[in-house]
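**Q** This is the structure I want to talk about, given as structure tokens.
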Number of protein chains: 4
Amino acid sequence: MPNLAVLGAGRIGQVHADAIARVPGASLVAVADAFEDAANAVAAKHGCAVRSIDEIADSADVDAVLICTPTDTHADLIERFCKLGKAVFCEKPIDLNLDRVRGCLKVVEQSGGQLMVGFNRRFDPDFAALKAAVDAGHVGQVEMVTITSRDPSAPPVSYIEKSGGIFRDMTIHDFDIARWMLGEEVETIFANASNLVDPAIGAADDYDSLNVTMMTASGKHCTITNSRRAAYGYDQRIEVFGEKGAATAHNHHESTVEVASSAGYTKPPLQNFFMDRYMDAYVIEISEFILALQNGTQMPTSGHDGMMALAMADAAVLSVREGRKVRLDEV
Amino acid sequence: MPNLAVLGAGRIGQVHADAIARVPGASLVAVADAFEDAANAVAAKHGCAVRSIDEIADSADVDAVLICTPTDTHADLIERFCKLGKAVFCEKPIDLNLDRVRGCLKVVEQSGGQLMVGFNRRFDPDFAALKAAVDAGHVGQVEMVTITSRDPSAPPVSYIEKSGGIFRDMTIHDFDIARWMLGEEVETIFANASNLVDPAIGAADDYDSLNVTMMTASGKHCTITNSRRAAYGYDQRIEVFGEKGAATAHNHHESTVEVASSAGYTKPPLQNFFMDRYMDAYVIEISEFILALQNGTQMPTSGHDGMMALAMADAAVLSVREGRKVRLDEV
Amino acid sequence: MPNLAVLGAGRIGQVHADAIARVPGASLVAVADAFEDAANAVAAKHGCAVRSIDEIADSADVDAVLICTPTDTHADLIERFCKLGKAVFCEKPIDLNLDRVRGCLKVVEQSGGQLMVGFNRRFDPDFAALKAAVDAGHVGQVEMVTITSRDPSAPPVSYIEKSGGIFRDMTIHDFDIARWMLGEEVETIFANASNLVDPAIGAADDYDSLNVTMMTASGKHCTITNSRRAAYGYDQRIEVFGEKGAATAHNHHESTVEVASSAGYTKPPLQNFFMDRYMDAYVIEISEFILALQNGTQMPTSGHDGMMALAMADAAVLSVREGRKVRLDEV
Amino acid sequence: MPNLAVLGAGRIGQVHADAIARVPGASLVAVADAFEDAANAVAAKHGCAVRSIDEIADSADVDAVLICTPTDTHADLIERFCKLGKAVFCEKPIDLNLDRVRGCLKVVEQSGGQLMVGFNRRFDPDFAALKAAVDAGHVGQVEMVTITSRDPSAPPVSYIEKSGGIFRDMTIHDFDIARWMLGEEVETIFANASNLVDPAIGAADDYDSLNVTMMTASGKHCTITNSRRAAYGYDQRIEVFGEKGAATAHNHHESTVEVASSAGYTKPPLQNFFMDRYMDAYVIEISEFILALQNGTQMPTSGHDGMMALAMADAAVLSVREGRKVRLDEV
């Protein structure tokens with residue numbers, strides 16, 4: 001019966017607060033946010049207290065915190081709350097700097113703390129069903145993983161500038177999925193990236209269109225395709241190919257209605273973005289965090305997972321910069 | 001800001017109680033059930049009072065009731081609460097006897113009461129999208145409506161015996177969809193029915209497999225196909241065909257994962273039954289009821305809708321009994 | 001190594017002549033047509049002789065004839081060539097009059113002749129695969145057959161007037177499929193028909209939109225839906241439902257290309273009409289005829305099949321006229 | 001009205017001979033093959049002469065030749081027949097050595113000869129429809145092309161050893177498609193390849209599983225995925241993504257029949273291999289060759305196309321060998 005506090009009452013903090021309300025046995029006792037109105041809104045909706053982060057650190061009635069604050073505060077907060085013996089769920093990434101992440105994880109380890117990093121896609125019911133099919137041996141030995149991930153439209157440049165770049169902000173999710181589906185760490189990474197969608201993104205020294213191809217020591221392949229814009233909605237597909245066949249998680253359309261006319265057969269576009277596509281995943285993710293707390297079992301996505309995905313992103317950035325294949329152990 | 005009470009804390013009563021909790025501005029203040037444990041469970045979950053139906057009738061803090069009690073109590077409860085000036089949401093059917101329904105609706109009318117009958121499928125997002133596509137003219141003038149509705153497995157005979165028969169229990173939903181999609185009342189009904197699934201159903205003087213074909217005065221067609229058992233899950237499809245094309249609401253599979261192997265390409269079976277398939281519909285249905293209360297607008301599904309669907313069921317029963325086409329105005 | 005002659009060099013005669021050319025071991029030796037140009041065109045294309053029907057009757061080098069002449073000549077030609085000991089393939093229907101068909105089949109029987117009636121759809125690879133799946137027990141005991149058959153656009157009234165009406169001209173194909181898939185004769189037929197597509201068809205005392213529902217003695221159901229116009233192309237689907245599941249033969253689109261845009265996901269319309277959809281079926285049909293000739297085996301579709309489908313059409317016409325369920329043994 | 005000769009009466013030579021027979025106005029006058037039986041079989045089937053290659057070179061009645069002989073004879077035969085003023089259709093590749101190809105194309109150019117290289121996939125109706133959709137602007141500016149191409153099963157090592165390696169034998173088709181769909185030459189190529197399917201392929205110094213990622217000067221991306229084995233059949237898909245959406249050519253299943261059961265919804269595997277999947281393409285390819293001859297228009301796939309695809313294969317081989325990104329102008 002854990003009592004939880006949410007740090008940061010922005011969009012994702014609100015999503016997690018709603019998720020907590022749907023988990024039997026869990027209580028949201030406090031919310032913190034630099035903007036009083038945001039914290040008050042969550043508090044009013046869920047009947048919890050508004051407290052500062054310092055107050056939450058001192059709160060004996062708080063067992064665990066969900067860190068939904070800006071990225072540059074994540075590592076410090078993780079360290080602080082782990083040292084206090086409170087379990088921590090943290091939105092990805094832990095930090096944009098790989099060395100800082102490594103340092104943070106050492107502190108977590110030394111403190112014996114519990115840390116879960118929010119890779120929401122692993123909790124998507126379809127991706128989980130895909131993983132289950134792969135684990136059940138339906139495709140046999142995995143040989144190739146193909147991940148297609150395209151956002152419906154590009155974020156504003158103000159977001160891009162603080163994002164750490166497309167590889168650390170967007171592809172990082174796909175890197176995590178790649179590791180999860182391959183069942184083996186990648187050894188080498190090669191990436192091509194270009195600026196096709198919005199010149200402002202290029203002006204901000206970032207890319208909006210990319211392909212990554214990776215290989216493991218045993219010769220398994222993985223490719224990732226990203227674009228910051230897809231006219232037909234939020235494109236999220238995974239194919240896992242192996243000796244016995246292939247398993248694919250298909251996209252989600254806005255509805256199942258198909259209209260046939262002289263112009264052809266038309267299904268609606270895809271669900272618009274992650275708040276539609278992954279809403280179930282967010283709820284399940286928080287349930288799994290709470291369940292692990294209750295049962296004292298291992299966190300389903302660890303700090304190590306967070307570090308590995310960031311390392312892959314760094315390797316991809318290096319690959320694009322230097323135009324060459326990069327070994328993951330270089331970063 | 002309506003305050004509501006749920007009469008009957010069985011499965012569907014629980015679903016509606018959960019739905020109320022998700023509608024901003026609505027409060028569940030009381031729940032009643034002959035079985036104390038059932039009422040207590042709902043009360044504990046939602047923090048509302050346990051009251052008897054009589055107490056709820058006397059409760060000044062209850063604006064509206066949701067009738068989820070056994071069918072043979074519906075008409076009496078509707079009359080009672082309408083006379084008390086409380087708005088009523090009632091699960092279908094109002095009654096299994098068409099004359100009793102007519103009498104009840106007269107009382108509702110005389111009391112100036114508000115009554116919504118629970119045809120949940122109209123609130124299914126896909127069927128609503130289908131209706132919107134039809135209303136937007138995407139198929140032009142409607143000519144043929146084809147409804148396929150098959151349950152995953154037959155209910156126990158104890159249920160069948162109290163159900164009023166498959167036409168009044170199961171097909172009644174499809175009759176309502178038929179009226180909704182045709183946009184015109186049917187004039188004639190012909191039905192074939194047989195007992196293919198479970199001999200016990202035949203022994204209980206009911207059918208488990210049927211086809212209905214209907215025609216409107218202007219020559220529009222509608223066919224309904226029902227079975228009490230579909231090995232592949234809960235089969236719920238509607239096709240609306242017209243001069244400019246056809247619009248179809250397709251089924252819901254358990255996931256989007258497709259596995260390709262030497263045996264072919266396999267998608268998972270359909271969602272198992274109405275609690276999976278129509279959970280969103282139940283939530284939206286209650287939201288719409290509360291919205292109509294708040295805005296003083298017309299109920300989206302009326303007592304008249306409930307009566308018409310039952311009349312069609314009666315006509316179908318007569319058609320099977322006498323082996324002939326029946327005019328709807330015969331019943 | 002049969003030598004064949006084609007009687008009638010219209011569209012379907014040309015299709016069959018082309019088909020013969022693709023069957024190893026078969027030779028087209030002669031073609032007849034009242035219009036010399038039509039016969040000459042076929043003769044030039046396939047290097048065969050132009051002969052009159054009388055000459056073909058006298059031709060010792062002709063083993064079998066394909067009757068592709070107007071419907072009202074079919075029965076006479078069947079009788080004539082059967083008596084001459086030549087095998088006969090005849091386009092459906094044998095005749096529009098059921099008694100004439102019965103008389104003709106008696107002559108065929110007495111002469112010991114071989115007669116195949118051209119129900120091309122049984123030779124469609126997809127429908128044949130569907131039948132094979134049903135025969136292999138994939139759906140278990142068959143319970144319901146649902147046939148959707150819509151033409152892309154209505155024929156001219158001049159065609160309608162000589163067609164024998166939609167049931168004998170168009171639905172007759174679906175009646176044959178119904179018998180084939182049900183694996184049991186239907187006992188009763190009920191039909192609704194209306195005139196929604198083209199008022200000129202109604203003025204010609206025919207229908208363009210209809211539904212048929214049928215039942216067998218054991219309680220199996222079959223429904224047929226027909227329209228003379230489908231904006232999205234030639235709609236040809238069959239679903240066979242049974243205790244273990246359902247098997248469906250889906251439609252053929254113009255291509256596999258799907259375009260995703262902000263307007264949704266669009267596949268092309270269906271193949272336009274029977275010459276596209278059933279071209280493979282025509283070739284296979286003629287191959288099977290020739291194969292049965294070569295091997296002395298039973299014709300895959302018999303005169304009896306032709307008679308039964310016509311009887312069902314007659315029963316459906318009677319059902320619409322009298323507004324009642326008709327027993328097949330009434331006609 | 002061209003007269004044609006087929007050089008090489010193996011499988012693909014037979015396919016082309018059959019294709020010629022279906023093109024109105026074209027005549028197959030001769031066939032050559034080192035194996036007399038093979039040549040005789042084609043001659044018997046199509047009523048043409050058996051001649052040696054030397055005799056065909058001297059044949060005044062031969063306007064064009066189709067070179068279907070082993071790869072190492074292609075370049076010499078192309079040069080010989082072009083110098084003789086006969087049009088040439090040659091199976092890919094022109095040669096496995098890029099310099100030899102360049103030399104051959106110079107001879108073709110100097111002789112003013114007509115040369116078409118057999119990239120059959122461009123003539124597949126679905127891929128042609130995809131290209132038409134792209135050219136019609138349905139996806140806007142092309143940004144990413146994704147090609148999935150997997151054979152049903154690996155060829156024998158004896159074939160592998162003479163094939164020139166997977167990039168020059170199998171991927172070469174995808175390289176051609178890439179150029180065609182991108183509408184711009186690629187600038188850089190990176191490839192990963194491994195041996196996962198059959199150790200004997202690795203022992204023969206070849207790969208069976210690979211990914212290629214390429215970029216054009218303007219920043220367009222293309223990825224190719226190949227495997228020598230797909231349990232579910234011949235996997236041939238192309239996705240073209242651009243600013244306005246994406247267009248995809250989907251796979252071909254063995255039939256349209258889908259079986260729904262408690263195990264899920266199952267469609268049949270894909271068509272087995274290229275003789276099924278691309279049979280229409282082969283016929284259209286030869287028709288287009290003959291049409292270009294008749295009309296004196298440009299060949300739809302040129303020697304230059306053949307050279308470019310081979311250059312891309314060479315670059316990919318270099319990329320794998322040296323583990324780096326390769327510029328196409330390096331080879």
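Ligands are numbered from 1 in the order shown, residues from 1 within each chain, and chains are lettered A, B, ... in the order they appear in the structure tokens.
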Once you count only C-alpha atoms, which residues of chain D turn out to be within 7 Å of chain A? Could you give them as a ChimeraX atom specification?

**A** /D:194,219,230-232,243-245,323-325

**Q** Determine which residues of region 174-225 of chain A DSSP labels as helix (DSSP H, G or I) from the backbone of this structure, then write them out as a PyMOL selection string.

**A** chain A and resi 174-182+199-203

**Q** Please produce a file of the residues just selected, as a CSV table (one decimal), in the first residue's frame, where the atoms kept are N, CA, C and O atoms.

**A**
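Generated file (result38.csv):
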chain,number,residue,atom,x,y,z
A,174,ASP,N,13.5,4.1,-29.0
A,174,ASP,CA,13.7,3.0,-29.9
A,174,ASP,C,14.9,2.1,-29.6
A,174,ASP,O,14.9,0.9,-29.8
A,175,PHE,N,15.9,2.8,-29.1
A,175,PHE,CA,17.1,2.1,-28.6
A,175,PHE,C,16.7,1.1,-27.5
A,175,PHE,O,17.2,0.0,-27.5
A,176,ASP,N,15.9,1.6,-26.6
A,176,ASP,CA,15.5,0.7,-25.5
A,176,ASP,C,14.7,-0.5,-26.1
A,176,ASP,O,14.9,-1.6,-25.7
A,177,ILE,N,13.8,-0.2,-27.0
A,177,ILE,CA,13.0,-1.3,-27.6
A,177,ILE,C,13.9,-2.3,-28.3
A,177,ILE,O,13.7,-3.5,-28.3
A,178,ALA,N,14.9,-1.7,-29.0
A,178,ALA,CA,15.9,-2.6,-29.7
A,178,ALA,C,16.5,-3.6,-28.8
A,178,ALA,O,16.6,-4.8,-29.1
A,179,ARG,N,17.1,-3.1,-27.6
A,179,ARG,CA,17.7,-4.0,-26.7
A,179,ARG,C,16.7,-5.0,-26.2
A,179,ARG,O,17.1,-6.2,-26.0
A,180,TRP,N,15.5,-4.6,-25.9
A,180,TRP,CA,14.5,-5.4,-25.3
A,180,TRP,C,14.1,-6.6,-26.3
A,180,TRP,O,14.0,-7.7,-25.9
A,181,MET,N,14.0,-6.2,-27.6
A,181,MET,CA,13.6,-7.2,-28.5
A,181,MET,C,14.7,-8.1,-29.0
A,181,MET,O,14.5,-9.3,-29.3
A,182,LEU,N,15.9,-7.5,-29.2
A,182,LEU,CA,17.0,-8.3,-29.6
A,182,LEU,C,17.4,-9.4,-28.6
A,182,LEU,O,17.9,-10.4,-28.9
A,199,PRO,N,13.5,23.4,-41.6
A,199,PRO,CA,14.8,24.0,-41.7
A,199,PRO,C,15.2,24.5,-40.3
A,199,PRO,O,16.4,24.6,-40.0
A,200,ALA,N,14.2,24.9,-39.5
A,200,ALA,CA,14.5,25.5,-38.2
A,200,ALA,C,15.2,24.5,-37.3
A,200,ALA,O,16.0,24.8,-36.4
A,201,ILE,N,14.9,23.2,-37.5
A,201,ILE,CA,15.5,22.2,-36.7
A,201,ILE,C,17.0,22.0,-37.1
A,201,ILE,O,17.9,21.9,-36.3
A,202,GLY,N,17.2,22.1,-38.4
A,202,GLY,CA,18.6,22.1,-38.9
A,202,GLY,C,19.4,23.3,-38.3
A,202,GLY,O,20.5,23.2,-37.9
A,203,ALA,N,18.7,24.5,-38.3
A,203,ALA,CA,19.4,25.7,-37.8
A,203,ALA,C,19.7,25.5,-36.4
A,203,ALA,O,20.7,26.1,-35.9

**Q** Give me, as a compact mmCIF listing (two decimals) with all heavy atoms, in the first residue's frame, all polymer residues having an atom no more than 7 Å from region 33-40 of chain D, counting only C-alpha atoms and skipping those fewer than 3 positions away in the same chain.

**A**
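Produced file part_24.txt, reproduced below:
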# COMPACT_ATOMS: atom_id res chain seq x y z
N LEU D 7 18.11 -16.93 -76.27
CA LEU D 7 19.40 -17.60 -76.06
C LEU D 7 19.40 -18.15 -74.64
O LEU D 7 19.43 -17.40 -73.67
CB LEU D 7 20.56 -16.61 -76.23
CG LEU D 7 20.51 -15.67 -77.46
CD1 LEU D 7 21.80 -14.87 -77.56
CD2 LEU D 7 20.27 -16.47 -78.75
N GLY D 8 19.36 -19.47 -74.55
CA GLY D 8 19.31 -20.09 -73.22
C GLY D 8 17.90 -20.52 -72.91
O GLY D 8 17.01 -19.68 -72.79
N ALA D 9 17.68 -21.84 -72.82
CA ALA D 9 16.32 -22.36 -72.65
C ALA D 9 16.11 -22.91 -71.25
O ALA D 9 15.34 -23.85 -71.05
CB ALA D 9 16.05 -23.42 -73.71
N GLY D 10 16.81 -22.33 -70.28
CA GLY D 10 16.57 -22.71 -68.89
C GLY D 10 15.27 -22.11 -68.38
O GLY D 10 14.43 -21.67 -69.17
N ALA D 43 11.12 -25.28 -78.39
CA ALA D 43 10.76 -25.25 -79.82
C ALA D 43 9.44 -25.97 -80.06
O ALA D 43 8.58 -25.49 -80.82
CB ALA D 43 11.88 -25.88 -80.65
N ALA D 44 9.27 -27.10 -79.41
CA ALA D 44 8.04 -27.88 -79.59
C ALA D 44 6.83 -27.12 -79.06
O ALA D 44 5.77 -27.07 -79.67
CB ALA D 44 8.17 -29.23 -78.86
N VAL D 50 15.10 -24.59 -83.60
CA VAL D 50 16.27 -24.68 -82.73
C VAL D 50 17.48 -24.28 -83.57
O VAL D 50 17.70 -24.84 -84.64
CB VAL D 50 16.44 -26.11 -82.18
CG1 VAL D 50 17.78 -26.23 -81.43
CG2 VAL D 50 15.28 -26.49 -81.28

**Q** Can you list, as a VMD selection string, all residues belonging to region 28-202 of chain C that DSSP tags as strand (DSSP E or B)?

**A** chain C and resid 28 to 32 49 to 50 64 to 67 87 to 91 115 to 118 142 to 150 186 to 194

**Q** Provide the CA of Ser302 (chain A) to CA of Met116 (chain A) distance in Å, to one decimal place.

**A** 5.0 Å

**Q** Quote the spacing between CA of Leu28 (chain C) and CA of Ile290 (chain C) in Å to one decimal place.

**A**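 The value is 11.5 Å.
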
**Q** Set the distance at 9 Å and use only C-alpha atoms: which residues neighbour Ala247 (chain C) once local chain neighbours fewer than 3 positions away are removed? I'd like the list as JSON, numbers by chain.

**A** {"C": [130, 133, 134, 138, 139, 238, 239, 240, 241, 242], "D": [257, 258, 259, 260, 261]}

**Q** Kindly export the residues of the current selection with C-alpha atoms, as a PDB file, in the first residue's frame.

**A**
ATOM      1  CA  LEU C 130     -12.350 -21.527 -49.122  1.00  0.00           C
ATOM      2  CA  ALA C 133     -10.705 -25.067 -45.896  1.00  0.00           C
ATOM      3  CA  VAL C 134     -14.322 -25.929 -45.124  1.00  0.00           C
ATOM      4  CA  HIS C 138     -11.361 -25.752 -40.311  1.00  0.00           C
ATOM      5  CA  VAL C 139     -14.752 -24.323 -39.346  1.00  0.00           C
ATOM      6  CA  ILE C 238     -18.197 -15.489 -49.001  1.00  0.00           C
ATOM      7  CA  GLU C 239     -18.146 -16.229 -45.274  1.00  0.00           C
ATOM      8  CA  VAL C 240     -18.691 -19.757 -43.984  1.00  0.00           C
ATOM      9  CA  PHE C 241     -19.345 -19.905 -40.263  1.00  0.00           C
ATOM     10  CA  GLY C 242     -19.378 -23.040 -38.161  1.00  0.00           C
TER      11      GLY C 242
ATOM     12  CA  VAL D 257      -9.024 -16.846 -47.552  1.00  0.00           C
ATOM     13  CA  GLU D 258      -8.833 -16.041 -43.846  1.00  0.00           C
ATOM     14  CA  VAL D 259      -9.780 -18.599 -41.226  1.00  0.00           C
ATOM     15  CA  ALA D 260     -10.921 -17.419 -37.799  1.00  0.00           C
ATOM     16  CA  SER D 261     -10.821 -19.918 -34.949  1.00  0.00           C
TER      17      SER D 261
END

**Q** What's the separation between CA of Tyr278 (chain A) and CA of Phe123 (chain A), in Å to one decimal place?

**A**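 Straight-line distance from CA of Tyr278 (chain A) to CA of Phe123 (chain A) works out to 8.5 Å.
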
**Q** From the list A:Ser163, A:Gln14, A:Ser149, A:Gln114, which residue is nearest Thr71 (chain A) when using only C-alpha atoms?

**A**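 For Thr71 (chain A), the nearest of the given residues is A:Ser163.
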
**Q** When distances are computed from only C-alpha atoms, which of C:Leu98, C:Val42, C:Val317, C:Ile20 shows the smallest separation from Asp206 (chain C)?

**A**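 Among the listed residues, C:Val317 lies closest to Asp206 (chain C).
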
**Q** Identify, on the basis of only C-alpha atoms, every residue whose closest approach to region 291-293 of chain B does not exceed 8 Å; exclude the query and any residue fewer than 6 positions from it along the same chain; express the result as an NGL selection string.

**A** :B and (2 or 87 or 299-300)
